Protein chains: 2
Amino acid sequence: MTSVDHLRQVRLGNLRTVLLALVDRPGSRADLAARTGLTKATLTNLTEPLLAGGILVEEPATLAGMGRPSKPLRFHPGGPIAVGAEINVSHLAVETLGLDGETLERRLVPADMRRATADEVLDQVAALIREVTATTDRKVLGAGLAVPGVVHDGVVIRTPNLPELVGVRLADGLGRKTGLDVQVDNEANLAALAHLWPRHLAGEDFVHVTADVGIGAGVVLNGEVYRGVSGFAGELGHVVIERDGIRCTCGSRGCVERYAGLDVILREAGRRRLDSLRRALAAGDAKALDAVRKAGEALGVGIATLTNLFDVPTVVLGGSYAVLYDHLHEAVRSEMDGRVLAGGERHTRLLASPLGEFAVVRGAAGLVTRRAVQQPERLFA
Amino acid sequence: MTSVDHLRQVRLGNLRTVLLALVDRPGSRADLAARTGLTKATLTNLTEPLLAGGILVEEPATLAGMGRPSKPLRFHPGGPIAVGAEINVSHLAVETLGLDGETLERRLVPADMRRATADEVLDQVAALIREVTATTDRKVLGAGLAVPGVVHDGVVIRTPNLPELVGVRLADGLGRKTGLDVQVDNEANLAALAHLWPRHLAGEDFVHVTADVGIGAGVVLNGEVYRGVSGFAGELGHVVIERDGIRCTCGSRGCVERYAGLDVILREAGRRRLDSLRRALAAGDAKALDAVRKAGEALGVGIATLTNLFDVPTVVLGGSYAVLYDHLHEAVRSEMDGRVLAGGERHTRLLASPLGEFAVVRGAAGLVTRRAVQQPERLFA
DNA sequence: AGACTAAGTTCAAGCATTGAACGAATGAGG
DNA sequence: CCTCATTCGTTCAATGCTTGAACTTAGTCT
């Protein structure tokens, strides 16, 4: 510990504050000073290395009103970027993201990953990452990798649908193949992160619920994704709604997943794919509408329980649930209204995610840009 | 913002670190320096005002081994204290607590509060507080007040069993009657706090579950009691275990409370009071054993759901459940083992609280001592 | 052209921590 | 009894961060 570590910490903290303000929106030094509570002098000082390092640019002066015109600062359009990647049962996806939160490129390639070995999967992901990073010479800060399963200490410890990945240190593997610093996380957590970083959808804490093969919830508490001790937090799919109900693959009975999982909805509706279901719903198919309504009821019971435990003001339905939102939300809402304790006094908001199918990769990339902003020393490395 | 606010913040942060180390256990300046990572010089500096202010005392030198003997520092036996108070349906309780975590005095008086007005209740609480504080001339930092209901922004917004208290600013009322700075919180949260402050029972995050009239859970995440946006977090009593089950007073159906609440257990066992039930259990009464086992199963389902959402490593059974623990835990454990996802890889620990009937008041007092340590500037006010 | 306004920069002052040097208090060994 | 080794605690100059105030810059307004 050097003699001035505490001072360096103060400086890094202020740097973080400034960068966070800039993620929110660009601003001149004076504006940033007002927004962060720091002084103009400190801002001059703090932004100097960011400008020199190519992290920020000073825009030509804005001509507005009296006084010396301000020169807004924003993230350098040629500055560092992050890559997000997603491994899923039926597709791979990648996206590149700037510090300003702008998406540069996206790819989504259908691919059956069920039987592929971990090494094969990573090879494909690495190839895709090279593809999107080859088109630019901007510095790549690192990669985030989303997997449909529970991740703890960088190791996949549970993936019901991609058993080949269990126990594999995916971050190390992908790191070797791409030369990047890689972080792995659960897709539900990353989808939730995408709704709070870099732009905050709800403004407050929330839970983001997705259906894929299973049902996962990404829980955001105190502005942070909450993962639990071993990465199992937010397993909404295995919340029990009927103690003696349908047996679940997890060993329990009456799990929400058995009533509101996408596979259940499709089976009940007599459809094979989400697209087909959506068309049936649009056409007013009674069987489809009924299947979705029933799933909504079961999901509503689960969400009510979740809300009674987490007490978040907002629930976001994402993934397939966002697609089905119009036909789903009334049933969910109705169960919640009858069962959420705080319901009477304060209404829990129910929203459809606006992010579409790229929410997860965007969150994966966000993991990296967010860390860079929160630990600004990384930007200078 | 004065010119050196950031430095003062650093100092307060270090002061907090030192006080936290002292709550853990007394130690000399050199020892504290080693434990906190600060230097001996800083410790000399930091402890000087604490000694001068009567917060700490320097003990006579310990004669141990070679070198200059160390003079351990610990909290001053005449230093400031905190009061905790509890309002419950059938009793009031108070306790005084030193910064070192030692209980000075306790009172528990049976009293039916159901029909009392808020003012009458507060008068009685204030009288009890005066009783326990009159016996000492130590400075009283403030009071914590526990109520069996949901508290948000200092206002009681839900107390199923003490309706007179709803909407009342209890903190202000008790503050006027006692002249103390008062903080109000839910009894479940405070019982949980008592298990983590000043000594940590589990070492990690946990959920503390109590049964009284309702069932409440105090949730400790990242070392802090988690309250949710509006204080409704941890409402385990209204977690649904049978979507079409027994109708609950909350408007929902199949809430855990309807199957594992203390009132339900007593009714099923054909007893009027917990004492009587306990004796029946000890005597091997089949009806009593069965009632408790059934409640344990329902509770286990609810706790499994809770664990799948919060992913905490430990669940503590407190209050009446601690009393019934020996006859309860097998049923709870068994449902958890079958339903908790992480169960296979990592066992969730199930413990009985060792704190007994004073857990809640102790937590209420702890609210005050904890704040004093975390915001050391309060100690000098 | 001169007054006015607001942005951005410069600079001395203030301050908590730090490492090193120093003083203090004791045990061990001769 | 005296000296050395050892550990505790204090003193002090140095470090480098933010800050407010003064100052400079670059525009608008009349």
# chains A, B, ... in the order shown; residues from 1 in each chain; ligands from 1

$ select_by_dssp --residues "region 121-343 of chain A" --states "helix (DSSP H, G or I)" --output "PyMOL selection string"
chain A and resi 121-134+163-165+170-178+187-194+236-238+257-260+262-269+274-282+286-310+319-323+325-339+341-343

$ interface_residues --of "chain A" --to "chain D" --cutoff "12 Å" --atoms "only C-alpha atoms (C1' of nucleotides)" --output "tab-separated table (two decimals) with N, CA and C atoms, in the first residue's frame"
chain	number	residue	atom	x	y	z
A	2	THR	N	0.83	1.93	-1.12
A	2	THR	CA	1.65	3.14	-1.22
A	2	THR	C	1.10	4.27	-0.35
A	3	SER	N	1.85	5.30	-0.26
A	3	SER	CA	1.55	6.33	0.73
A	3	SER	C	0.30	7.13	0.41
A	4	VAL	N	-0.22	7.04	-0.78
A	4	VAL	CA	-1.35	7.90	-1.12
A	4	VAL	C	-2.48	7.11	-1.75
A	5	ASP	N	-2.57	5.86	-1.39
A	5	ASP	CA	-3.63	5.03	-1.93
A	5	ASP	C	-5.01	5.60	-1.69
A	6	HIS	N	-5.19	6.16	-0.54
A	6	HIS	CA	-6.54	6.66	-0.26
A	6	HIS	C	-6.90	7.81	-1.17
A	7	LEU	N	-5.90	8.60	-1.55
A	7	LEU	CA	-6.17	9.71	-2.45
A	7	LEU	C	-6.48	9.21	-3.85
A	8	ARG	N	-5.76	8.20	-4.26
A	8	ARG	CA	-6.03	7.61	-5.58
A	8	ARG	C	-7.45	7.03	-5.62
A	9	GLN	N	-7.87	6.47	-4.51
A	9	GLN	CA	-9.23	5.93	-4.45
A	9	GLN	C	-10.27	7.03	-4.63
A	10	VAL	N	-10.02	8.14	-3.98
A	10	VAL	CA	-10.94	9.28	-4.11
A	10	VAL	C	-11.01	9.69	-5.57
A	11	ARG	N	-9.84	9.78	-6.19
A	11	ARG	CA	-9.80	10.20	-7.58
A	11	ARG	C	-10.55	9.22	-8.48
A	12	LEU	N	-10.31	7.93	-8.29
A	12	LEU	CA	-10.99	6.94	-9.11
A	12	LEU	C	-12.50	6.99	-8.89
A	13	GLY	N	-12.89	7.21	-7.67
A	13	GLY	CA	-14.32	7.33	-7.38
A	13	GLY	C	-14.93	8.50	-8.12
A	14	ASN	N	-14.24	9.62	-8.14
A	14	ASN	CA	-14.75	10.79	-8.85
A	14	ASN	C	-14.77	10.57	-10.36
A	37	GLY	N	-21.71	17.39	-8.61
A	37	GLY	CA	-21.40	18.01	-7.32
A	37	GLY	C	-19.93	18.33	-7.15
A	38	LEU	N	-19.12	18.01	-8.16
A	38	LEU	CA	-17.70	18.36	-8.10
A	38	LEU	C	-17.53	19.79	-8.59
A	39	THR	N	-16.32	20.31	-8.47
A	39	THR	CA	-16.11	21.68	-8.93
A	39	THR	C	-15.60	21.69	-10.37
A	40	LYS	N	-15.72	22.83	-11.00
A	40	LYS	CA	-15.22	22.96	-12.36
A	40	LYS	C	-13.73	22.64	-12.41
A	41	ALA	N	-13.03	23.08	-11.39
A	41	ALA	CA	-11.58	22.83	-11.36
A	41	ALA	C	-11.29	21.34	-11.41
A	42	THR	N	-12.03	20.58	-10.60
A	42	THR	CA	-11.82	19.14	-10.56
A	42	THR	C	-12.15	18.53	-11.92
A	43	LEU	N	-13.17	19.06	-12.57
A	43	LEU	CA	-13.53	18.50	-13.87
A	43	LEU	C	-12.48	18.74	-14.92
A	44	THR	N	-11.89	19.91	-14.90
A	44	THR	CA	-10.79	20.17	-15.82
A	44	THR	C	-9.70	19.11	-15.62
A	45	ASN	N	-9.39	18.93	-14.36
A	45	ASN	CA	-8.35	17.99	-13.99
A	45	ASN	C	-8.69	16.55	-14.35
A	46	LEU	N	-9.90	16.15	-14.04
A	46	LEU	CA	-10.31	14.76	-14.24
A	46	LEU	C	-10.45	14.40	-15.71
A	61	ALA	N	-17.73	23.90	-29.96
A	61	ALA	CA	-18.56	24.66	-29.03
A	61	ALA	C	-20.01	24.75	-29.49
A	62	THR	N	-20.89	24.66	-28.54
A	62	THR	CA	-22.31	24.82	-28.81
A	62	THR	C	-22.64	26.31	-28.67
A	63	LEU	N	-23.30	26.83	-29.67
A	63	LEU	CA	-23.62	28.25	-29.64
A	63	LEU	C	-25.02	28.42	-29.09
A	64	ALA	N	-25.10	28.66	-27.82
A	64	ALA	CA	-26.42	28.75	-27.22
A	64	ALA	C	-26.40	29.77	-26.10
A	65	GLY	N	-27.11	30.86	-26.30
A	65	GLY	CA	-27.28	31.85	-25.25
A	65	GLY	C	-26.04	32.67	-24.99
A	66	MET	N	-26.04	33.29	-23.86
A	66	MET	CA	-24.96	34.21	-23.51
A	66	MET	C	-23.76	33.49	-22.93
A	67	GLY	N	-22.74	34.23	-22.73
A	67	GLY	CA	-21.55	33.69	-22.09
A	67	GLY	C	-20.69	32.86	-23.01
A	68	ARG	N	-19.56	32.48	-22.52
A	68	ARG	CA	-18.65	31.65	-23.31
A	68	ARG	C	-19.34	30.34	-23.64
A	69	PRO	N	-19.29	29.93	-24.89
A	69	PRO	CA	-20.00	28.69	-25.27
A	69	PRO	C	-19.33	27.48	-24.63
A	70	SER	N	-20.14	26.51	-24.29
A	70	SER	CA	-19.58	25.30	-23.67
A	70	SER	C	-19.18	24.32	-24.75
A	71	LYS	N	-18.16	23.53	-24.43
A	71	LYS	CA	-17.71	22.51	-25.36
A	71	LYS	C	-18.06	21.15	-24.77

$ residues_around --residues "His327 (chain A)" --least-positions-apart "4" --cutoff "12 Å" --atoms "only C-alpha atoms (C1' of nucleotides)" --output "PDB file with N, CA and C atoms, in the first residue's frame"
ATOM      1  N   LEU A 277     -47.219 -19.655 -33.015  1.00  0.00           N
ATOM      2  CA  LEU A 277     -48.141 -19.318 -31.919  1.00  0.00           C
ATOM      3  C   LEU A 277     -48.600 -17.874 -32.042  1.00  0.00           C
ATOM      4  N   ARG A 278     -47.667 -17.021 -32.350  1.00  0.00           N
ATOM      5  CA  ARG A 278     -47.998 -15.605 -32.443  1.00  0.00           C
ATOM      6  C   ARG A 278     -49.031 -15.351 -33.544  1.00  0.00           C
ATOM      7  N   ALA A 280     -51.176 -17.528 -34.646  1.00  0.00           N
ATOM      8  CA  ALA A 280     -52.450 -18.087 -34.191  1.00  0.00           C
ATOM      9  C   ALA A 280     -53.160 -17.116 -33.252  1.00  0.00           C
ATOM     10  N   LEU A 281     -52.392 -16.489 -32.372  1.00  0.00           N
ATOM     11  CA  LEU A 281     -52.967 -15.528 -31.433  1.00  0.00           C
ATOM     12  C   LEU A 281     -53.553 -14.344 -32.184  1.00  0.00           C
ATOM     13  N   ALA A 282     -52.801 -13.873 -33.162  1.00  0.00           N
ATOM     14  CA  ALA A 282     -53.251 -12.724 -33.947  1.00  0.00           C
ATOM     15  C   ALA A 282     -54.544 -13.070 -34.676  1.00  0.00           C
ATOM     16  N   GLY A 284     -56.749 -15.012 -33.561  1.00  0.00           N
ATOM     17  CA  GLY A 284     -57.815 -15.261 -32.606  1.00  0.00           C
ATOM     18  C   GLY A 284     -58.077 -16.728 -32.301  1.00  0.00           C
ATOM     19  N   ASP A 285     -57.113 -17.583 -32.574  1.00  0.00           N
ATOM     20  CA  ASP A 285     -57.237 -19.019 -32.305  1.00  0.00           C
ATOM     21  C   ASP A 285     -57.527 -19.266 -30.814  1.00  0.00           C
ATOM     22  N   ALA A 286     -58.655 -19.899 -30.543  1.00  0.00           N
ATOM     23  CA  ALA A 286     -59.105 -20.068 -29.159  1.00  0.00           C
ATOM     24  C   ALA A 286     -58.152 -20.935 -28.339  1.00  0.00           C
ATOM     25  N   ALA A 288     -54.987 -21.384 -28.752  1.00  0.00           N
ATOM     26  CA  ALA A 288     -53.760 -20.635 -28.466  1.00  0.00           C
ATOM     27  C   ALA A 288     -53.998 -19.599 -27.374  1.00  0.00           C
ATOM     28  N   LEU A 289     -55.097 -18.868 -27.508  1.00  0.00           N
ATOM     29  CA  LEU A 289     -55.397 -17.841 -26.515  1.00  0.00           C
ATOM     30  C   LEU A 289     -55.557 -18.457 -25.135  1.00  0.00           C
ATOM     31  N   ASP A 290     -56.217 -19.597 -25.099  1.00  0.00           N
ATOM     32  CA  ASP A 290     -56.445 -20.266 -23.838  1.00  0.00           C
ATOM     33  C   ASP A 290     -55.131 -20.735 -23.218  1.00  0.00           C
ATOM     34  N   ALA A 291     -54.254 -21.284 -24.041  1.00  0.00           N
ATOM     35  CA  ALA A 291     -52.965 -21.767 -23.545  1.00  0.00           C
ATOM     36  C   ALA A 291     -52.168 -20.616 -22.940  1.00  0.00           C
ATOM     37  N   VAL A 292     -52.185 -19.487 -23.620  1.00  0.00           N
ATOM     38  CA  VAL A 292     -51.421 -18.347 -23.132  1.00  0.00           C
ATOM     39  C   VAL A 292     -52.045 -17.771 -21.864  1.00  0.00           C
ATOM     40  N   ARG A 293     -53.356 -17.721 -21.832  1.00  0.00           N
ATOM     41  CA  ARG A 293     -54.016 -17.198 -20.640  1.00  0.00           C
ATOM     42  C   ARG A 293     -53.705 -18.077 -19.422  1.00  0.00           C
ATOM     43  N   LYS A 294     -53.803 -19.364 -19.616  1.00  0.00           N
ATOM     44  CA  LYS A 294     -53.516 -20.280 -18.509  1.00  0.00           C
ATOM     45  C   LYS A 294     -52.085 -20.121 -18.016  1.00  0.00           C
ATOM     46  N   ALA A 295     -51.174 -20.010 -18.954  1.00  0.00           N
ATOM     47  CA  ALA A 295     -49.773 -19.808 -18.567  1.00  0.00           C
ATOM     48  C   ALA A 295     -49.642 -18.497 -17.799  1.00  0.00           C
ATOM     49  N   GLY A 296     -50.346 -17.481 -18.250  1.00  0.00           N
ATOM     50  CA  GLY A 296     -50.314 -16.188 -17.585  1.00  0.00           C
ATOM     51  C   GLY A 296     -50.787 -16.281 -16.152  1.00  0.00           C
ATOM     52  N   GLU A 297     -51.805 -17.080 -15.922  1.00  0.00           N
ATOM     53  CA  GLU A 297     -52.303 -17.237 -14.562  1.00  0.00           C
ATOM     54  C   GLU A 297     -51.248 -17.875 -13.668  1.00  0.00           C
ATOM     55  N   SER A 320     -39.608 -14.432 -24.751  1.00  0.00           N
ATOM     56  CA  SER A 320     -40.857 -14.887 -25.354  1.00  0.00           C
ATOM     57  C   SER A 320     -42.065 -14.234 -24.699  1.00  0.00           C
ATOM     58  N   TYR A 321     -41.950 -13.959 -23.413  1.00  0.00           N
ATOM     59  CA  TYR A 321     -43.076 -13.333 -22.723  1.00  0.00           C
ATOM     60  C   TYR A 321     -43.360 -11.934 -23.274  1.00  0.00           C
ATOM     61  N   ALA A 322     -42.326 -11.247 -23.697  1.00  0.00           N
ATOM     62  CA  ALA A 322     -42.549  -9.927 -24.290  1.00  0.00           C
ATOM     63  C   ALA A 322     -43.312 -10.074 -25.599  1.00  0.00           C
ATOM     64  N   VAL A 323     -42.973 -11.122 -26.351  1.00  0.00           N
ATOM     65  CA  VAL A 323     -43.672 -11.370 -27.619  1.00  0.00           C
ATOM     66  C   VAL A 323     -45.151 -11.666 -27.373  1.00  0.00           C
ATOM     67  N   ALA A 331     -53.930 -11.827 -17.603  1.00  0.00           N
ATOM     68  CA  ALA A 331     -53.989 -12.941 -16.661  1.00  0.00           C
ATOM     69  C   ALA A 331     -52.943 -12.764 -15.553  1.00  0.00           C
ATOM     70  N   VAL A 332     -51.749 -12.337 -15.946  1.00  0.00           N
ATOM     71  CA  VAL A 332     -50.683 -12.125 -14.959  1.00  0.00           C
ATOM     72  C   VAL A 332     -51.115 -11.043 -13.969  1.00  0.00           C
ATOM     73  N   ARG A 333     -51.555  -9.930 -14.522  1.00  0.00           N
ATOM     74  CA  ARG A 333     -51.997  -8.779 -13.726  1.00  0.00           C
ATOM     75  C   ARG A 333     -53.084  -9.189 -12.737  1.00  0.00           C
ATOM     76  N   ALA A 352     -43.699  -4.739 -20.699  1.00  0.00           N
ATOM     77  CA  ALA A 352     -43.077  -5.623 -21.682  1.00  0.00           C
ATOM     78  C   ALA A 352     -41.713  -5.036 -22.011  1.00  0.00           C
TER      79      ALA A 352
END

$ closest_atom_pairs --of "chain B" --to "chain A" --cutoff "8 Å" --atoms "only C-alpha atoms" --output "CSV"
residue,atom,partner,partner_atom,distance
B:His6,CA,A:Val10,CA,7.4
B:Val10,CA,A:His6,CA,7.5
B:Arg227,CA,A:Asp311,CA,7.8
B:Gly228,CA,A:Asp311,CA,4.8
B:Val229,CA,A:Val312,CA,6.0
B:Ser230,CA,A:Asp311,CA,6.9
B:Gly231,CA,A:Asp311,CA,7.3
B:Phe232,CA,A:Asp311,CA,5.5
B:Ala233,CA,A:Asp311,CA,4.8
B:Gly234,CA,A:Leu309,CA,4.3
B:Glu235,CA,A:Asn308,CA,5.4
B:Leu236,CA,A:Leu309,CA,6.5
B:His238,CA,A:Asn308,CA,6.9
B:Val239,CA,A:Thr305,CA,4.9
B:Val240,CA,A:Ile241,CA,6.1
B:Ile241,CA,A:Ile241,CA,5.1
B:Glu242,CA,A:Glu242,CA,4.4
B:Arg243,CA,A:Ile241,CA,5.6
B:Cys250,CA,A:Leu341,CA,6.8
B:Gly251,CA,A:Gly338,CA,6.0
B:Ser252,CA,A:Arg339,CA,4.6
B:Arg253,CA,A:Arg339,CA,7.7
B:Val301,CA,A:Arg243,CA,7.1
B:Gly302,CA,A:Val240,CA,8.0
B:Ala304,CA,A:Val239,CA,7.9
B:Thr305,CA,A:Val239,CA,4.9
B:Leu306,CA,A:Leu309,CA,7.4
B:Thr307,CA,A:Ala233,CA,7.9
B:Asn308,CA,A:Glu235,CA,5.4
B:Leu309,CA,A:Gly234,CA,4.3
B:Phe310,CA,A:Ala233,CA,4.9
B:Asp311,CA,A:Ala233,CA,4.8
B:Val312,CA,A:Val229,CA,6.0
B:Pro313,CA,A:Val229,CA,6.8
B:Gly338,CA,A:Ser252,CA,5.6
B:Arg339,CA,A:Ser252,CA,4.6
B:Val340,CA,A:Ser252,CA,8.0
B:Leu341,CA,A:Cys250,CA,6.8
B:Ala342,CA,A:Phe232,CA,6.8

$ select_by_dssp --residues "region 124-240 of chain B" --states "strand (DSSP E)" --output "ChimeraX atom specification"
/B:140-147,150-152,155-158,182-186,206-211,215-221,224-226

$ write_last_selection --atoms "C-alpha atoms" --output "CSV table (one decimal), in the first residue's frame"
chain,number,residue,atom,x,y,z
B,140,VAL,CA,-28.5,7.2,25.4
B,141,LEU,CA,-27.8,7.4,21.6
B,142,GLY,CA,-31.4,6.7,20.6
B,143,ALA,CA,-34.1,4.0,20.5
B,144,GLY,CA,-35.2,1.4,18.0
B,145,LEU,CA,-38.8,0.4,18.0
B,146,ALA,CA,-40.1,-2.9,16.6
B,147,VAL,CA,-43.6,-3.3,15.5
B,150,VAL,CA,-44.8,-3.2,7.6
B,151,VAL,CA,-43.1,0.1,8.0
B,152,HIS,CA,-42.2,2.5,5.2
B,155,VAL,CA,-45.0,5.1,9.0
B,156,VAL,CA,-46.7,1.9,9.8
B,157,ILE,CA,-48.6,0.9,6.7
B,158,ARG,CA,-49.9,-2.5,7.6
B,182,VAL,CA,-36.3,6.9,17.5
B,183,GLN,CA,-36.2,4.6,14.5
B,184,VAL,CA,-39.1,2.2,13.7
B,185,ASP,CA,-38.8,-1.1,11.8
B,186,ASN,CA,-40.6,-4.4,11.3
B,206,PHE,CA,-29.3,-15.7,5.7
B,207,VAL,CA,-33.0,-15.5,6.1
B,208,HIS,CA,-34.5,-15.4,9.6
B,209,VAL,CA,-38.0,-16.8,9.8
B,210,THR,CA,-40.4,-16.2,12.6
B,211,ALA,CA,-43.9,-17.2,13.4
B,215,ILE,CA,-45.1,-15.5,9.4
B,216,GLY,CA,-42.3,-13.0,8.6
B,217,ALA,CA,-38.9,-13.4,7.2
B,218,GLY,CA,-36.0,-11.0,7.7
B,219,VAL,CA,-33.8,-11.2,4.7
B,220,VAL,CA,-30.1,-10.4,5.0
B,221,LEU,CA,-28.4,-9.8,1.7
B,224,GLU,CA,-27.5,-5.8,5.2
B,225,VAL,CA,-31.2,-6.3,6.1
B,226,TYR,CA,-33.1,-6.1,2.8

$ closest_atom_pairs --of "chain C" --to "chain B" --cutoff "10 Å" --atoms "only C-alpha atoms (C1' of nucleotides)" --output "Markdown table"
| residue | atom | partner | partner_atom | distance |
| --- | --- | --- | --- | --- |
| C:DA13 | C1' | B:Ser3 | CA | 9.5 |
| C:DG14 | C1' | B:Val4 | CA | 7.0 |
| C:DC15 | C1' | B:Leu7 | CA | 6.8 |
| C:DA16 | C1' | B:Leu7 | CA | 6.1 |
| C:DT17 | C1' | B:Thr42 | CA | 6.8 |
| C:DT18 | C1' | B:Thr39 | CA | 7.5 |
| C:DG19 | C1' | B:Thr39 | CA | 9.2 |
| C:DA24 | C1' | B:Arg68 | CA | 7.4 |
| C:DA25 | C1' | B:Arg68 | CA | 4.5 |
| C:DT26 | C1' | B:Arg68 | CA | 5.0 |
| C:DG27 | C1' | B:Met66 | CA | 5.1 |
| C:DA28 | C1' | B:Met66 | CA | 8.7 |

$ write_last_selection --atoms "C-alpha atoms (C1' of nucleotides)" --output "short mmCIF file (atom, residue, chain, number, x, y, z; two decimals), in the first residue's frame"
data_model
loop_
_atom_site.label_atom_id
_atom_site.label_comp_id
_atom_site.auth_asym_id
_atom_site.auth_seq_id
_atom_site.Cartn_x
_atom_site.Cartn_y
_atom_site.Cartn_z
"C1'" DA C 13 -4.32 26.27 0.67
"C1'" DG C 14 -5.96 22.53 3.38
"C1'" DC C 15 -5.74 17.90 5.18
"C1'" DA C 16 -5.75 12.53 6.11
"C1'" DT C 17 -2.69 9.01 5.42
"C1'" DT C 18 1.90 7.29 5.24
"C1'" DG C 19 6.75 5.44 6.06
"C1'" DA C 24 8.98 3.74 25.57
"C1'" DA C 25 8.40 -0.48 28.04
"C1'" DT C 26 9.35 -5.05 28.79
"C1'" DG C 27 11.87 -9.99 28.57
"C1'" DA C 28 16.18 -12.55 27.91
#

$ residues_around --residues "Ala365 (chain B)" --least-positions-apart "2" --cutoff "10 Å" --atoms "only C-alpha atoms (C1' of nucleotides)" --output "ChimeraX atom specification"
/B:81-86,94-99,101,103,141-146,183,190,193-194,197,360-363,367-370

$ write_last_selection --atoms "N, CA and C atoms" --output "compact mmCIF listing (two decimals), in the first residue's frame"
# COMPACT_ATOMS: atom_id res chain seq x y z
N ILE B 81 -25.09 4.17 25.19
CA ILE B 81 -25.87 2.95 25.01
C ILE B 81 -27.07 3.23 24.10
N ALA B 82 -27.76 2.17 23.76
CA ALA B 82 -28.96 2.32 22.93
C ALA B 82 -30.10 1.55 23.60
N VAL B 83 -31.32 1.96 23.30
CA VAL B 83 -32.50 1.26 23.82
C VAL B 83 -33.23 0.60 22.67
N GLY B 84 -33.69 -0.60 22.90
CA GLY B 84 -34.57 -1.25 21.94
C GLY B 84 -35.92 -1.46 22.59
N ALA B 85 -36.97 -1.34 21.82
CA ALA B 85 -38.32 -1.56 22.36
C ALA B 85 -39.13 -2.35 21.35
N GLU B 86 -40.06 -3.12 21.86
CA GLU B 86 -40.90 -3.94 20.98
C GLU B 86 -42.35 -3.80 21.39
N VAL B 94 -38.43 -4.18 26.37
CA VAL B 94 -37.35 -3.21 26.16
C VAL B 94 -36.02 -3.84 26.55
N GLU B 95 -34.95 -3.27 25.99
CA GLU B 95 -33.61 -3.75 26.33
C GLU B 95 -32.64 -2.61 26.11
N THR B 96 -31.61 -2.55 26.95
CA THR B 96 -30.55 -1.57 26.72
C THR B 96 -29.29 -2.32 26.33
N LEU B 97 -28.56 -1.71 25.41
CA LEU B 97 -27.42 -2.39 24.79
C LEU B 97 -26.26 -1.42 24.68
N GLY B 98 -25.06 -1.89 25.05
CA GLY B 98 -23.86 -1.07 24.89
C GLY B 98 -23.29 -1.23 23.49
N LEU B 99 -22.37 -0.36 23.14
CA LEU B 99 -21.73 -0.44 21.82
C LEU B 99 -20.97 -1.75 21.65
N GLY B 101 -22.03 -4.52 22.50
CA GLY B 101 -22.96 -5.61 22.28
C GLY B 101 -23.43 -6.28 23.55
N THR B 103 -25.72 -6.69 26.75
CA THR B 103 -27.04 -6.29 27.24
C THR B 103 -26.91 -5.78 28.67
N LEU B 141 -27.99 6.92 23.04
CA LEU B 141 -27.84 7.36 21.64
C LEU B 141 -29.15 7.49 20.91
N GLY B 142 -30.12 6.69 21.32
CA GLY B 142 -31.40 6.70 20.63
C GLY B 142 -32.13 5.41 20.92
N ALA B 143 -33.28 5.25 20.27
CA ALA B 143 -34.07 4.05 20.49
C ALA B 143 -34.51 3.44 19.18
N GLY B 144 -34.58 2.12 19.17
CA GLY B 144 -35.15 1.41 18.03
C GLY B 144 -36.48 0.83 18.49
N LEU B 145 -37.46 0.88 17.61
CA LEU B 145 -38.79 0.39 17.98
C LEU B 145 -39.26 -0.65 16.98
N ALA B 146 -39.60 -1.83 17.49
CA ALA B 146 -40.05 -2.91 16.62
C ALA B 146 -41.56 -3.02 16.66
N GLN B 183 -36.05 5.17 15.79
CA GLN B 183 -36.21 4.56 14.47
C GLN B 183 -37.16 3.38 14.59
N LEU B 190 -35.89 -6.78 12.38
CA LEU B 190 -35.05 -6.55 13.56
C LEU B 190 -34.58 -7.85 14.18
N LEU B 193 -31.74 -8.72 12.14
CA LEU B 193 -30.59 -7.87 12.47
C LEU B 193 -29.87 -8.35 13.72
N ALA B 194 -30.66 -8.81 14.69
CA ALA B 194 -30.07 -9.29 15.94
C ALA B 194 -29.12 -10.46 15.71
N TRP B 197 -25.81 -8.51 14.03
CA TRP B 197 -25.20 -7.39 14.73
C TRP B 197 -25.53 -7.46 16.20
N VAL B 360 -35.95 -9.77 19.11
CA VAL B 360 -36.50 -8.58 18.45
C VAL B 360 -36.04 -7.29 19.11
N VAL B 361 -36.14 -7.19 20.43
CA VAL B 361 -35.68 -5.96 21.10
C VAL B 361 -34.20 -5.76 20.95
N ARG B 362 -33.48 -6.85 20.95
CA ARG B 362 -32.04 -6.75 20.78
C ARG B 362 -31.72 -6.17 19.40
N GLY B 363 -32.45 -6.64 18.41
CA GLY B 363 -32.29 -6.08 17.08
C GLY B 363 -32.67 -4.61 17.03
N LEU B 367 -30.13 -1.62 15.94
CA LEU B 367 -30.34 -0.64 14.88
C LEU B 367 -29.61 0.66 15.23
N VAL B 368 -29.69 1.01 16.51
CA VAL B 368 -29.10 2.28 16.97
C VAL B 368 -27.59 2.16 17.14
N THR B 369 -27.13 1.10 17.78
CA THR B 369 -25.67 0.98 17.98
C THR B 369 -24.99 0.80 16.62
N ARG B 370 -25.65 0.10 15.72
CA ARG B 370 -25.06 -0.11 14.42
C ARG B 370 -24.92 1.20 13.65

$ residues_around --residues "region 108-114 of chain B" --least-positions-apart "6" --cutoff "6 Å" --atoms "only C-alpha atoms (C1' of nucleotides)" --output "PyMOL selection string"
chain B and resi 89-93+162
